[in-house]
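The file entry-v4.pdb contains PDB, C-alpha atoms:
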ATOM      1  CA  MET A   1      65.921 112.986 162.622
ATOM      2  CA  ARG A   2      62.205 113.780 162.794
ATOM      3  CA  PHE A   3      60.293 113.054 159.579
ATOM      4  CA  GLY A   4      56.898 114.098 158.337
ATOM      5  CA  VAL A   5      55.229 112.081 155.589
ATOM      6  CA  LEU A   6      53.341 114.033 152.938
ATOM      7  CA  GLY A   7      50.719 111.741 151.445
ATOM      8  CA  THR A   8      48.088 109.254 152.565
ATOM      9  CA  GLY A   9      47.975 106.744 149.709
ATOM     10  CA  PHE A  10      49.179 103.153 149.572
ATOM     11  CA  TRP A  11      52.873 103.980 149.010
ATOM     12  CA  ALA A  12      52.885 106.731 151.634
ATOM     13  CA  LYS A  13      51.379 104.411 154.222
ATOM     14  CA  GLU A  14      52.846 101.006 153.408
ATOM     15  CA  VAL A  15      56.368 102.126 152.505
ATOM     16  CA  HIS A  16      57.213 105.640 153.726
ATOM     17  CA  ALA A  17      55.331 105.671 157.030
ATOM     18  CA  ALA A  18      55.898 101.981 157.759
ATOM     19  CA  ALA A  19      59.653 102.213 157.147
ATOM     20  CA  LEU A  20      59.998 105.375 159.223
ATOM     21  CA  ALA A  21      57.935 103.973 162.096
ATOM     22  CA  ALA A  22      60.178 100.903 162.213
ATOM     23  CA  HIS A  23      63.476 102.745 161.725
ATOM     24  CA  PRO A  24      65.773 102.632 164.779
ATOM     25  CA  ASP A  25      67.299 106.071 164.212
ATOM     26  CA  ALA A  26      64.471 108.100 162.665
ATOM     27  CA  GLU A  27      61.237 109.346 164.170
ATOM     28  CA  LEU A  28      57.928 109.513 162.313
ATOM     29  CA  ALA A  29      56.401 112.741 163.654
ATOM     30  CA  GLY A  30      53.262 113.240 161.581
ATOM     31  CA  ILE A  31      51.274 112.702 158.399
ATOM     32  CA  TRP A  32      49.972 115.431 156.088
ATOM     33  CA  GLY A  33      47.282 114.902 153.484
ATOM     34  CA  ARG A  34      45.120 116.912 151.144
ATOM     35  CA  ASP A  35      42.200 115.182 152.888
ATOM     36  CA  VAL A  36      42.719 115.912 156.586
ATOM     37  CA  ALA A  37      40.433 113.051 157.614
ATOM     38  CA  LYS A  38      42.643 110.584 155.758
ATOM     39  CA  ALA A  39      45.746 112.188 157.254
ATOM     40  CA  LYS A  40      44.357 111.756 160.746
ATOM     41  CA  GLY A  41      43.349 108.176 159.962
ATOM     42  CA  VAL A  42      46.795 107.189 158.689
ATOM     43  CA  GLY A  43      48.410 109.069 161.553
ATOM     44  CA  ALA A  44      46.296 107.153 164.068
ATOM     45  CA  GLU A  45      47.589 103.867 162.645
ATOM     46  CA  PHE A  46      51.125 104.968 163.505
ATOM     47  CA  ASP A  47      50.227 106.861 166.671
ATOM     48  CA  VAL A  48      51.251 110.239 165.260
ATOM     49  CA  PRO A  49      49.225 113.374 164.473
ATOM     50  CA  GLY A  50      47.515 113.908 161.134
ATOM     51  CA  TYR A  51      47.749 117.392 159.618
ATOM     52  CA  GLY A  52      45.721 119.368 157.115
ATOM     53  CA  ASP A  53      48.113 122.339 157.273
ATOM     54  CA  VAL A  54      51.447 121.507 155.685
ATOM     55  CA  ASP A  55      53.214 124.423 157.365
ATOM     56  CA  ALA A  56      52.118 123.145 160.767
ATOM     57  CA  LEU A  57      53.772 119.802 160.039
ATOM     58  CA  LEU A  58      56.916 121.430 158.620
ATOM     59  CA  ALA A  59      57.305 123.320 161.887
ATOM     60  CA  GLU A  60      57.564 120.008 163.767
ATOM     61  CA  VAL A  61      60.070 118.082 161.624
ATOM     62  CA  ASP A  62      63.616 118.087 160.279
ATOM     63  CA  ALA A  63      62.804 116.323 157.014
ATOM     64  CA  VAL A  64      59.884 115.309 154.827
ATOM     65  CA  ALA A  65      59.253 112.121 152.894
ATOM     66  CA  ILE A  66      56.870 112.847 150.027
ATOM     67  CA  ALA A  67      54.677 110.185 148.412
ATOM     68  CA  LEU A  68      52.348 112.181 146.179
ATOM     69  CA  PRO A  69      51.749 112.516 142.414
ATOM     70  CA  PRO A  70      54.743 114.277 140.840
ATOM     71  CA  ASP A  71      52.824 117.441 139.972
ATOM     72  CA  VAL A  72      51.684 117.704 143.609
ATOM     73  CA  GLN A  73      55.069 116.716 145.017
ATOM     74  CA  ALA A  74      57.064 119.363 143.147
ATOM     75  CA  PRO A  75      55.654 122.559 144.720
ATOM     76  CA  LEU A  76      55.542 120.950 148.167
ATOM     77  CA  ALA A  77      59.172 119.853 147.864
ATOM     78  CA  GLU A  78      60.148 123.398 146.903
ATOM     79  CA  ARG A  79      58.169 124.755 149.869
ATOM     80  CA  ALA A  80      59.719 122.296 152.309
ATOM     81  CA  ALA A  81      63.252 123.069 151.091
ATOM     82  CA  GLU A  82      62.613 126.788 151.463
ATOM     83  CA  ALA A  83      61.552 126.042 155.057
ATOM     84  CA  GLY A  84      64.934 124.333 155.639
ATOM     85  CA  ARG A  85      63.640 120.761 155.663
ATOM     86  CA  HIS A  86      65.630 117.904 154.154
ATOM     87  CA  LEU A  87      63.920 116.062 151.300
ATOM     88  CA  LEU A  88      63.264 112.378 150.610
ATOM     89  CA  LEU A  89      61.328 112.443 147.344
ATOM     90  CA  GLU A  90      59.649 110.002 145.002
ATOM     91  CA  LYS A  91      60.448 109.685 141.316
ATOM     92  CA  PRO A  92      59.997 111.445 139.012
ATOM     93  CA  ILE A  93      60.549 114.560 141.083
ATOM     94  CA  ALA A  94      58.320 116.537 138.680
ATOM     95  CA  LEU A  95      56.512 116.192 135.366
ATOM     96  CA  ASP A  96      58.354 119.020 133.600
ATOM     97  CA  VAL A  97      61.866 120.401 133.622
ATOM     98  CA  ALA A  98      60.890 123.858 134.885
ATOM     99  CA  ALA A  99      59.321 122.410 138.050
ATOM    100  CA  ALA A 100      62.360 120.167 138.592
ATOM    101  CA  ASP A 101      64.635 123.191 138.199
ATOM    102  CA  ARG A 102      62.705 125.042 140.889
ATOM    103  CA  ILE A 103      63.208 122.178 143.351
ATOM    104  CA  VAL A 104      66.943 122.088 142.631
ATOM    105  CA  ALA A 105      67.202 125.854 143.073
ATOM    106  CA  ALA A 106      65.348 125.726 146.403
ATOM    107  CA  VAL A 107      67.564 122.909 147.703
ATOM    108  CA  ARG A 108      70.744 124.713 146.698
ATOM    109  CA  ALA A 109      69.580 128.020 148.172
ATOM    110  CA  SER A 110      68.673 126.476 151.522
ATOM    111  CA  GLY A 111      71.576 124.018 151.747
ATOM    112  CA  VAL A 112      69.352 121.086 152.732
ATOM    113  CA  ALA A 113      70.129 117.477 151.856
ATOM    114  CA  SER A 114      68.062 115.597 149.304
ATOM    115  CA  VAL A 115      67.579 112.001 148.191
ATOM    116  CA  VAL A 116      65.247 110.696 145.478
ATOM    117  CA  PHE A 117      63.929 107.209 146.187
ATOM    118  CA  PHE A 118      64.904 105.277 143.069
ATOM    119  CA  THR A 119      64.064 102.003 144.804
ATOM    120  CA  PHE A 120      66.657  99.755 143.190
ATOM    121  CA  ARG A 121      69.521 102.142 143.951
ATOM    122  CA  PHE A 122      69.158 101.385 147.663
ATOM    123  CA  GLN A 123      69.717  97.634 147.305
ATOM    124  CA  GLN A 124      73.038  95.889 147.859
ATOM    125  CA  ALA A 125      72.776  93.915 144.621
ATOM    126  CA  THR A 126      72.552  97.153 142.649
ATOM    127  CA  SER A 127      75.547  98.663 144.453
ATOM    128  CA  THR A 128      77.596  95.550 143.627
ATOM    129  CA  TRP A 129      76.439  95.650 139.986
ATOM    130  CA  LEU A 130      77.382  99.317 139.575
ATOM    131  CA  THR A 131      80.770  98.716 141.205
ATOM    132  CA  GLN A 132      81.460  95.857 138.814
ATOM    133  CA  ALA A 133      80.300  97.975 135.868
ATOM    134  CA  GLY A 134      82.678 100.731 136.908
ATOM    135  CA  ARG A 135      85.669  98.409 136.708
ATOM    136  CA  THR A 136      85.409  97.745 132.973
ATOM    137  CA  THR A 137      84.997  99.578 129.687
ATOM    138  CA  LEU A 138      81.365  99.330 128.672
ATOM    139  CA  ALA A 139      79.982  99.390 125.142
ATOM    140  CA  GLY A 140      76.298  99.485 125.963
ATOM    141  CA  GLY A 141      73.402  98.039 127.877
ATOM    142  CA  ALA A 142      69.710  97.312 127.911
ATOM    143  CA  GLY A 143      66.766  97.176 130.237
ATOM    144  CA  SER A 144      63.295  95.710 130.129
ATOM    145  CA  TRP A 145      60.545  96.303 132.657
ATOM    146  CA  LEU A 146      57.253  94.769 131.625
ATOM    147  CA  GLY A 147      54.342  94.822 134.036
ATOM    148  CA  SER A 148      50.700  95.647 134.527
ATOM    149  CA  LEU A 149      48.934  98.123 136.805
ATOM    150  CA  ALA A 150      45.757  96.055 136.709
ATOM    151  CA  GLY A 151      44.999  94.521 140.078
ATOM    152  CA  THR A 152      47.710  96.514 141.872
ATOM    153  CA  PRO A 153      47.317  99.346 144.405
ATOM    154  CA  PHE A 154      48.315 101.742 141.587
ATOM    155  CA  ASP A 155      45.517 100.737 139.232
ATOM    156  CA  ASP A 156      43.586 103.914 140.084
ATOM    157  CA  SER A 157      46.586 106.284 139.805
ATOM    158  CA  PRO A 158      45.543 109.026 137.334
ATOM    159  CA  TRP A 159      49.038 110.337 136.679
ATOM    160  CA  ARG A 160      50.402 106.866 135.917
ATOM    161  CA  LYS A 161      47.593 106.194 133.466
ATOM    162  CA  GLU A 162      48.094 109.573 131.815
ATOM    163  CA  ARG A 163      51.914 109.481 131.612
ATOM    164  CA  GLY A 164      52.326 105.713 131.298
ATOM    165  CA  ALA A 165      55.318 103.496 131.884
ATOM    166  CA  LEU A 166      57.755 106.048 130.423
ATOM    167  CA  TRP A 167      57.320 108.401 133.373
ATOM    168  CA  ASP A 168      56.700 105.795 136.084
ATOM    169  CA  LEU A 169      59.148 103.008 135.233
ATOM    170  CA  GLY A 170      61.528 105.095 133.119
ATOM    171  CA  PRO A 171      63.067 106.906 136.128
ATOM    172  CA  HIS A 172      63.999 103.590 137.751
ATOM    173  CA  ALA A 173      65.608 102.367 134.531
ATOM    174  CA  LEU A 174      67.555 105.585 134.035
ATOM    175  CA  SER A 175      68.749 105.476 137.647
ATOM    176  CA  LEU A 176      70.596 102.274 136.696
ATOM    177  CA  LEU A 177      71.817 102.883 133.157
ATOM    178  CA  VAL A 178      72.968 106.492 133.604
ATOM    179  CA  PRO A 179      75.470 105.796 136.445
ATOM    180  CA  ALA A 180      76.693 102.713 134.583
ATOM    181  CA  LEU A 181      77.050 104.213 131.089
ATOM    182  CA  GLY A 182      77.138 107.975 131.620
ATOM    183  CA  PRO A 183      74.802 110.897 130.930
ATOM    184  CA  VAL A 184      72.293 110.583 128.090
ATOM    185  CA  VAL A 185      72.819 113.023 125.206
ATOM    186  CA  SER A 186      70.070 111.947 122.791
ATOM    187  CA  VAL A 187      66.994 109.733 122.636
ATOM    188  CA  LEU A 188      65.098 107.839 119.960
ATOM    189  CA  ALA A 189      61.647 106.583 120.943
ATOM    190  CA  ALA A 190      58.928 104.464 119.398
ATOM    191  CA  PRO A 191      55.514 103.486 120.783
ATOM    192  CA  GLY A 192      54.376  99.905 121.188
ATOM    193  CA  LEU A 193      50.940  98.596 122.055
ATOM    194  CA  ARG A 194      49.017 100.592 124.659
ATOM    195  CA  ASP A 195      51.537 102.391 126.911
ATOM    196  CA  THR A 196      54.585 100.329 125.871
ATOM    197  CA  VAL A 197      57.575 102.422 124.785
ATOM    198  CA  HIS A 198      60.915 101.496 123.247
ATOM    199  CA  LEU A 199      63.870 103.840 123.714
ATOM    200  CA  VAL A 200      67.372 104.017 122.252
ATOM    201  CA  LEU A 201      69.653 106.143 124.431
ATOM    202  CA  THR A 202      72.996 107.551 123.308
ATOM    203  CA  HIS A 203      75.332 108.241 126.220
ATOM    204  CA  ALA A 204      78.096 110.846 126.422
ATOM    205  CA  SER A 205      80.598 107.997 126.702
ATOM    206  CA  GLY A 206      79.692 106.839 123.191
ATOM    207  CA  ALA A 207      77.864 103.800 124.527
ATOM    208  CA  ALA A 208      74.252 103.153 123.574
ATOM    209  CA  SER A 209      71.493 101.436 125.489
ATOM    210  CA  THR A 210      67.928 100.351 124.869
ATOM    211  CA  LEU A 211      64.878 100.281 127.119
ATOM    212  CA  THR A 212      61.487  98.646 126.805
ATOM    213  CA  LEU A 213      58.907  99.756 129.368
ATOM    214  CA  SER A 214      55.276  98.817 129.814
ATOM    215  CA  HIS A 215      52.472  98.921 132.367
ATOM    216  CA  THR A 216      50.067  97.018 130.136
ATOM    217  CA  VAL A 217      51.456  93.598 129.199
ATOM    218  CA  ALA A 218      49.766  90.283 129.907
ATOM    219  CA  PRO A 219      50.522  88.986 133.421
ATOM    220  CA  LEU A 220      52.598  86.049 132.166
ATOM    221  CA  SER A 221      54.790  88.439 130.150
ATOM    222  CA  GLY A 222      55.947  90.481 133.126
ATOM    223  CA  GLY A 223      59.513  90.733 134.334
ATOM    224  CA  THR A 224      62.398  93.096 134.994
ATOM    225  CA  GLU A 225      65.982  92.758 133.778
ATOM    226  CA  PHE A 226      68.919  95.076 133.119
ATOM    227  CA  PHE A 227      72.382  94.401 131.757
ATOM    228  CA  VAL A 228      75.480  96.201 130.574
ATOM    229  CA  HIS A 229      78.169  94.687 128.382
ATOM    230  CA  GLY A 230      81.802  95.382 127.684
ATOM    231  CA  ASP A 231      85.326  94.037 128.028
ATOM    232  CA  ALA A 232      84.393  91.827 130.978
ATOM    233  CA  GLY A 233      81.323  90.366 129.278
ATOM    234  CA  ARG A 234      77.717  90.871 130.263
ATOM    235  CA  LEU A 235      76.757  92.024 133.760
ATOM    236  CA  VAL A 236      73.119  91.247 134.557
ATOM    237  CA  LEU A 237      70.973  92.817 137.275
ATOM    238  CA  LEU A 238      67.648  91.317 138.319
ATOM    239  CA  PRO A 239      66.275  93.945 140.722
ATOM    240  CA  ASP A 240      64.314  92.954 143.807
ATOM    241  CA  GLU A 241      60.822  94.436 143.460
ATOM    242  CA  GLN A 242      59.635  93.095 146.829
ATOM    243  CA  SER A 243      61.857  94.918 149.321
ATOM    244  CA  ALA A 244      60.664  98.517 149.082
ATOM    245  CA  VAL A 245      60.364  99.013 152.854
ATOM    246  CA  GLU A 246      63.905  97.788 153.475
ATOM    247  CA  SER A 247      65.213  99.901 150.582
ATOM    248  CA  PHE A 248      63.418 102.958 151.934
ATOM    249  CA  GLY A 249      65.097 102.415 155.303
ATOM    250  CA  VAL A 250      68.467 102.573 153.539
ATOM    251  CA  ALA A 251      67.395 105.804 151.824
ATOM    252  CA  VAL A 252      66.530 107.272 155.238
ATOM    253  CA  ASP A 253      70.005 106.333 156.508
ATOM    254  CA  GLU A 254      71.678 107.934 153.505
ATOM    255  CA  LEU A 255      69.640 111.136 153.689
ATOM    256  CA  THR A 256      70.482 111.418 157.378
ATOM    257  CA  ALA A 257      74.187 110.951 156.653
ATOM    258  CA  ALA A 258      74.099 113.605 153.921
ATOM    259  CA  ALA A 259      72.289 116.011 156.262
ATOM    260  CA  LEU A 260      74.796 115.470 159.072
ATOM    261  CA  THR A 261      77.894 115.816 156.902
ATOM    262  CA  GLY A 262      76.630 118.514 154.567
ATOM    263  CA  GLY A 263      77.421 116.252 151.636
ATOM    264  CA  THR A 264      75.509 115.417 148.497
ATOM    265  CA  HIS A 265      74.046 112.086 147.423
ATOM    266  CA  PRO A 266      74.347 110.371 144.011
ATOM    267  CA  CYS A 267      70.531 110.268 143.861
ATOM    268  CA  ASP A 268      69.919 113.856 144.946
ATOM    269  CA  VAL A 269      67.463 116.272 143.337
ATOM    270  CA  ALA A 270      70.073 117.347 140.757
ATOM    271  CA  PHE A 271      70.210 113.758 139.497
ATOM    272  CA  GLY A 272      66.417 113.587 139.743
ATOM    273  CA  ARG A 273      66.236 116.708 137.587
ATOM    274  CA  ASP A 274      68.560 115.147 134.974
ATOM    275  CA  VAL A 275      66.233 112.143 134.806
ATOM    276  CA  VAL A 276      63.272 114.451 134.128
ATOM    277  CA  VAL A 277      65.253 116.084 131.308
ATOM    278  CA  VAL A 278      65.759 112.681 129.638
ATOM    279  CA  LEU A 279      62.104 111.734 130.089
ATOM    280  CA  ALA A 280      60.998 115.029 128.555
ATOM    281  CA  ALA A 281      63.286 114.413 125.561
ATOM    282  CA  ALA A 282      61.867 110.896 125.193
ATOM    283  CA  GLN A 283      58.330 112.315 125.271
ATOM    284  CA  ARG A 284      59.253 114.747 122.487
ATOM    285  CA  ALA A 285      60.826 111.921 120.496
ATOM    286  CA  LEU A 286      57.619 109.900 120.769
ATOM    287  CA  ALA A 287      55.656 112.862 119.435
ATOM    288  CA  SER A 288      58.077 113.790 116.647
ATOM    289  CA  GLY A 289      59.332 110.390 115.558
ATOM    290  CA  CYS A 290      62.838 111.889 115.477
ATOM    291  CA  ARG A 291      65.950 111.685 117.579
ATOM    292  CA  GLU A 292      65.802 114.326 120.305
ATOM    293  CA  ALA A 293      68.796 115.926 121.971
ATOM    294  CA  VAL A 294      68.834 115.934 125.759
ATOM    295  CA  GLY A 295      69.241 119.473 127.107
ATOM    296  CA  SER A 296      71.678 120.381 129.853
TER     297      SER A 296
END

What does the file become when written as structure tokens?
Amino acid sequence: MRFGVLGTGFWAKEVHAAALAAHPDAELAGIWGRDVAKAKGVGAEFDVPGYGDVDALLAEVDAVAIALPPDVQAPLAERAAEAGRHLLLEKPIALDVAAADRIVAAVRASGVASVVFFTFRFQQATSTWLTQAGRTTLAGGAGSWLGSLAGTPFDDSPWRKERGALWDLGPHALSLLVPALGPVVSVLAAPGLRDTVHLVLTHASGAASTLTLSHTVAPLSGGTEFFVHGDAGRLVLLPDEQSAVESFGVAVDELTAAALTGGTHPCDVAFGRDVVVVLAAAQRALASGCREAVGS
């Protein structure tokens, strides 16, 4: 399958393009960027063309991998789907439910395959954890992802600074707790210091879970942990934050399989849209101080 990468930033180059260039069964065919000079520069590093015209790149590929801010990604994903190109998207797929709905509608209308790159979902440890969780009756769970953007390649990311950990780290957390505990039906939210947020999620199963997310803790306070608990005790997951390229390669494999078989993927754009719905409810809960129902 021939892939085009949309984006020229750190993640587009070091994860998307690097993983595709090294993949044994996929072909990196080109790079598109809003700055054509950057697109040509990144393309040159991988010996592929750089494009300033997105339609010109779409004409040369079977699929696109998009590594752009969510508000930029959403209309391009819709455009690519309408052109019949399979989608490998970043999370969140959009910054509002209406934009997410448009992506889902375009994918369904065109019949293309889609995968959203919730990094941890493409790791063997996570698959084992979810399998174990599915074998028992669960009462609840919790997750904590505490980190800092300072000194990272994402320190100058405007959308992350504007939307905070809720919209950047929250999708990853939901990609773990929702398949383990079921769809979220309501959210309570409270702010902490700086961009820290605390969420209480009620799931359709009757289980409840809690999340604490932050991009702004002291370096020595950082760490990531998730667990669910039930009849079999506590099942803990410590995700691997250092294997993004390998995880992306798995996502490429799974998108290719879905495209070849005409099947869907557990992390497709419909699931990505459901995550946006929960995030939007959490944002409303932060503003209102009340429990917010999660829309369908």

Take the PyMOL selection byres ((chain A and resi 69) around 12), apply it to the structure above, and return the hits as a PyMOL selection string.
chain A and resi 6-9+11-12+34+66-68+70-77+89-95+154+157-163+167-168

Which polymer residues have any atom within 10 Å of an atom of Leu201 (chain A), counting only C-alpha atoms, with same-chain residues fewer than 5 positions away left out, as a ChimeraX atom specification?
/A:140-142,174,177-178,183-189,207-211,278,282,291-292,294

Nearby residues (all atoms listed in the file) at most 9 Å from Ala173 (chain A), same-chain spacing under 3 positions excluded, as a VMD selection string
chain A and resid 143 to 145 169 to 170 176 to 178 211 213 226

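Counting only C-alpha atoms and comparing A:Leu58, A:Ile31, A:Leu279, A:Ala190, the residue that lies closest to Ser175 (chain A) is A:Leu279.
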
Once the PyMOL selection byres ((chain A and resi 150-153) around 10) has been evaluated on this model, what residues remain selected, and can you format them as a list in words?
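Against this file, the PyMOL selection byres ((chain A and resi 150-153) around 10) returns the residues Gly9, Phe10, Trp11, Gly147, Ser148, Leu149, Phe154, Asp155, Asp156, Ser157, His215, Thr216, Val217, Ala218 and Pro219 of chain A.
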
Residue among A:Leu20, A:Leu193, A:Val97, A:Leu181 lying closest to Val5 (chain A), counting all atoms listed in the file:
A:Leu20

Using all atoms of region 223-233 of chain A that appear in the file, construct an axis-aligned enclosing box with 6 Å of padding on every side and provide its centre coordinates and edge lengths in Å, rounded to one decimal, as lines of an AutoDock Vina configuration file.
center_x = 72.4
center_y = 93.3
center_z = 131.3
size_x = 37.8
size_y = 17.8
size_z = 19.3

Contacts of Ala139 (chain A) at 12 Å or less, counting all atoms listed in the file, minus same-chain residues fewer than 2 places along, as a PDB file with C-alpha atoms, in the frame of the given file?
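This is the output file result_10.pdb:
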ATOM      1  CA  ALA A 133      80.300  97.975 135.868  1.00  0.00           C
ATOM      2  CA  THR A 136      85.409  97.745 132.973  1.00  0.00           C
ATOM      3  CA  THR A 137      84.997  99.578 129.687  1.00  0.00           C
ATOM      4  CA  GLY A 141      73.402  98.039 127.877  1.00  0.00           C
ATOM      5  CA  ALA A 142      69.710  97.312 127.911  1.00  0.00           C
ATOM      6  CA  LEU A 177      71.817 102.883 133.157  1.00  0.00           C
ATOM      7  CA  ALA A 180      76.693 102.713 134.583  1.00  0.00           C
ATOM      8  CA  LEU A 181      77.050 104.213 131.089  1.00  0.00           C
ATOM      9  CA  GLY A 182      77.138 107.975 131.620  1.00  0.00           C
ATOM     10  CA  THR A 202      72.996 107.551 123.308  1.00  0.00           C
ATOM     11  CA  HIS A 203      75.332 108.241 126.220  1.00  0.00           C
ATOM     12  CA  ALA A 204      78.096 110.846 126.422  1.00  0.00           C
ATOM     13  CA  SER A 205      80.598 107.997 126.702  1.00  0.00           C
ATOM     14  CA  GLY A 206      79.692 106.839 123.191  1.00  0.00           C
ATOM     15  CA  ALA A 207      77.864 103.800 124.527  1.00  0.00           C
ATOM     16  CA  ALA A 208      74.252 103.153 123.574  1.00  0.00           C
ATOM     17  CA  SER A 209      71.493 101.436 125.489  1.00  0.00           C
ATOM     18  CA  PHE A 227      72.382  94.401 131.757  1.00  0.00           C
ATOM     19  CA  VAL A 228      75.480  96.201 130.574  1.00  0.00           C
ATOM     20  CA  HIS A 229      78.169  94.687 128.382  1.00  0.00           C
ATOM     21  CA  GLY A 230      81.802  95.382 127.684  1.00  0.00           C
ATOM     22  CA  ASP A 231      85.326  94.037 128.028  1.00  0.00           C
ATOM     23  CA  ALA A 232      84.393  91.827 130.978  1.00  0.00           C
ATOM     24  CA  GLY A 233      81.323  90.366 129.278  1.00  0.00           C
ATOM     25  CA  ARG A 234      77.717  90.871 130.263  1.00  0.00           C
ATOM     26  CA  LEU A 235      76.757  92.024 133.760  1.00  0.00           C
TER      27      LEU A 235
END

Need to verify the contact set: Met1 (chain A), 12 Å, all atoms listed in the file, exclusion of same-chain residues closer than 2 positions in sequence. Can you return it as a PyMOL selection string?
chain A and resi 3-4+20+23-29+60-65+85-87+252-260

Can you work out which one of A:Gly30, A:Gly222, A:Pro179, A:Gly164 has the shortest atom-to-atom distance to Gln283 (chain A), counting all atoms listed in the file?
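Among A:Gly30, A:Gly222, A:Pro179, A:Gly164, it is A:Gly164 that comes nearest to Gln283 (chain A).
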
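Here CA of Phe122 (chain A) stands at a distance of 21.1 Å from CA of Ala165 (chain A).
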
Computed interatomic separation between CA of Ser243 (chain A) and CA of Thr126 (chain A) (Å)
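According to the coordinates, CA of Ser243 (chain A) and CA of Thr126 (chain A) are separated by 12.8 Å.
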
Find the spatial neighbours of Gly52 (chain A), counting only C-alpha atoms, within a cut-off of 10 Å - ignore same-chain residues fewer than 2 positions away - and output them as a PyMOL selection string.
chain A and resi 31-40+50+54-57

Atom pair CA of Ala244 (chain A) + CA of Thr119 (chain A), distance 6.5 Å

Ground truth for the PyMOL selection byres ((chain A and resi 46) around 9), written as JSON, numbers by chain
{"A": [17, 18, 21, 28, 30, 42, 43, 44, 45, 47, 48, 49]}

For Val15 (chain A), which residue out of A:Ala285, A:Val245, A:Thr264, A:Phe271 is the nearest one, using only C-alpha atoms?
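Of A:Ala285, A:Val245, A:Thr264, A:Phe271, the one nearest Val15 (chain A), counting only C-alpha atoms, is A:Val245.
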
Distance criterion (only C-alpha atoms): nearest to Arg194 (chain A) out of A:Ala287, A:Ala106, A:Val116, A:Leu166:
A:Leu166

Go through A:Ala99, A:Leu146, A:Val236, A:Ala80 one by one, measure the shortest atom-to-atom distance of each to Leu220 (chain A) using only C-alpha atoms, and give the residue with the smallest value.
A:Leu146

Once N, CA and C atoms are restored for region 197-210 of chain A, what would the output be as a tab-separated table (two decimals), in the coordinates of the input?
chain	number	residue	atom	x	y	z
A	197	VAL	N	56.65	101.55	125.51
A	197	VAL	CA	57.58	102.42	124.78
A	197	VAL	C	58.92	101.71	124.64
A	198	HIS	N	59.58	102.03	123.53
A	198	HIS	CA	60.92	101.50	123.25
A	198	HIS	C	61.84	102.69	123.05
A	199	LEU	N	62.94	102.72	123.78
A	199	LEU	CA	63.87	103.84	123.71
A	199	LEU	C	65.26	103.36	123.30
A	200	VAL	N	65.95	104.20	122.53
A	200	VAL	CA	67.37	104.02	122.25
A	200	VAL	C	68.07	105.26	122.79
A	201	LEU	N	68.95	105.05	123.77
A	201	LEU	CA	69.65	106.14	124.43
A	201	LEU	C	71.10	106.18	123.98
A	202	THR	N	71.58	107.36	123.59
A	202	THR	CA	73.00	107.55	123.31
A	202	THR	C	73.62	108.27	124.50
A	203	HIS	N	74.68	107.70	125.03
A	203	HIS	CA	75.33	108.24	126.22
A	203	HIS	C	76.56	109.06	125.83
A	204	ALA	N	76.95	109.99	126.69
A	204	ALA	CA	78.10	110.85	126.42
A	204	ALA	C	79.38	110.05	126.24
A	205	SER	N	79.42	108.86	126.82
A	205	SER	CA	80.60	108.00	126.70
A	205	SER	C	80.75	107.39	125.31
A	206	GLY	N	79.70	107.50	124.49
A	206	GLY	CA	79.69	106.84	123.19
A	206	GLY	C	78.94	105.52	123.21
A	207	ALA	N	78.65	105.03	124.41
A	207	ALA	CA	77.86	103.80	124.53
A	207	ALA	C	76.40	104.09	124.19
A	208	ALA	N	75.69	103.05	123.83
A	208	ALA	CA	74.25	103.15	123.57
A	208	ALA	C	73.53	102.09	124.39
A	209	SER	N	72.30	102.40	124.75
A	209	SER	CA	71.49	101.44	125.49
A	209	SER	C	70.06	101.48	124.99
A	210	THR	N	69.33	100.43	125.27
A	210	THR	CA	67.93	100.35	124.87
A	210	THR	C	67.07	100.04	126.09
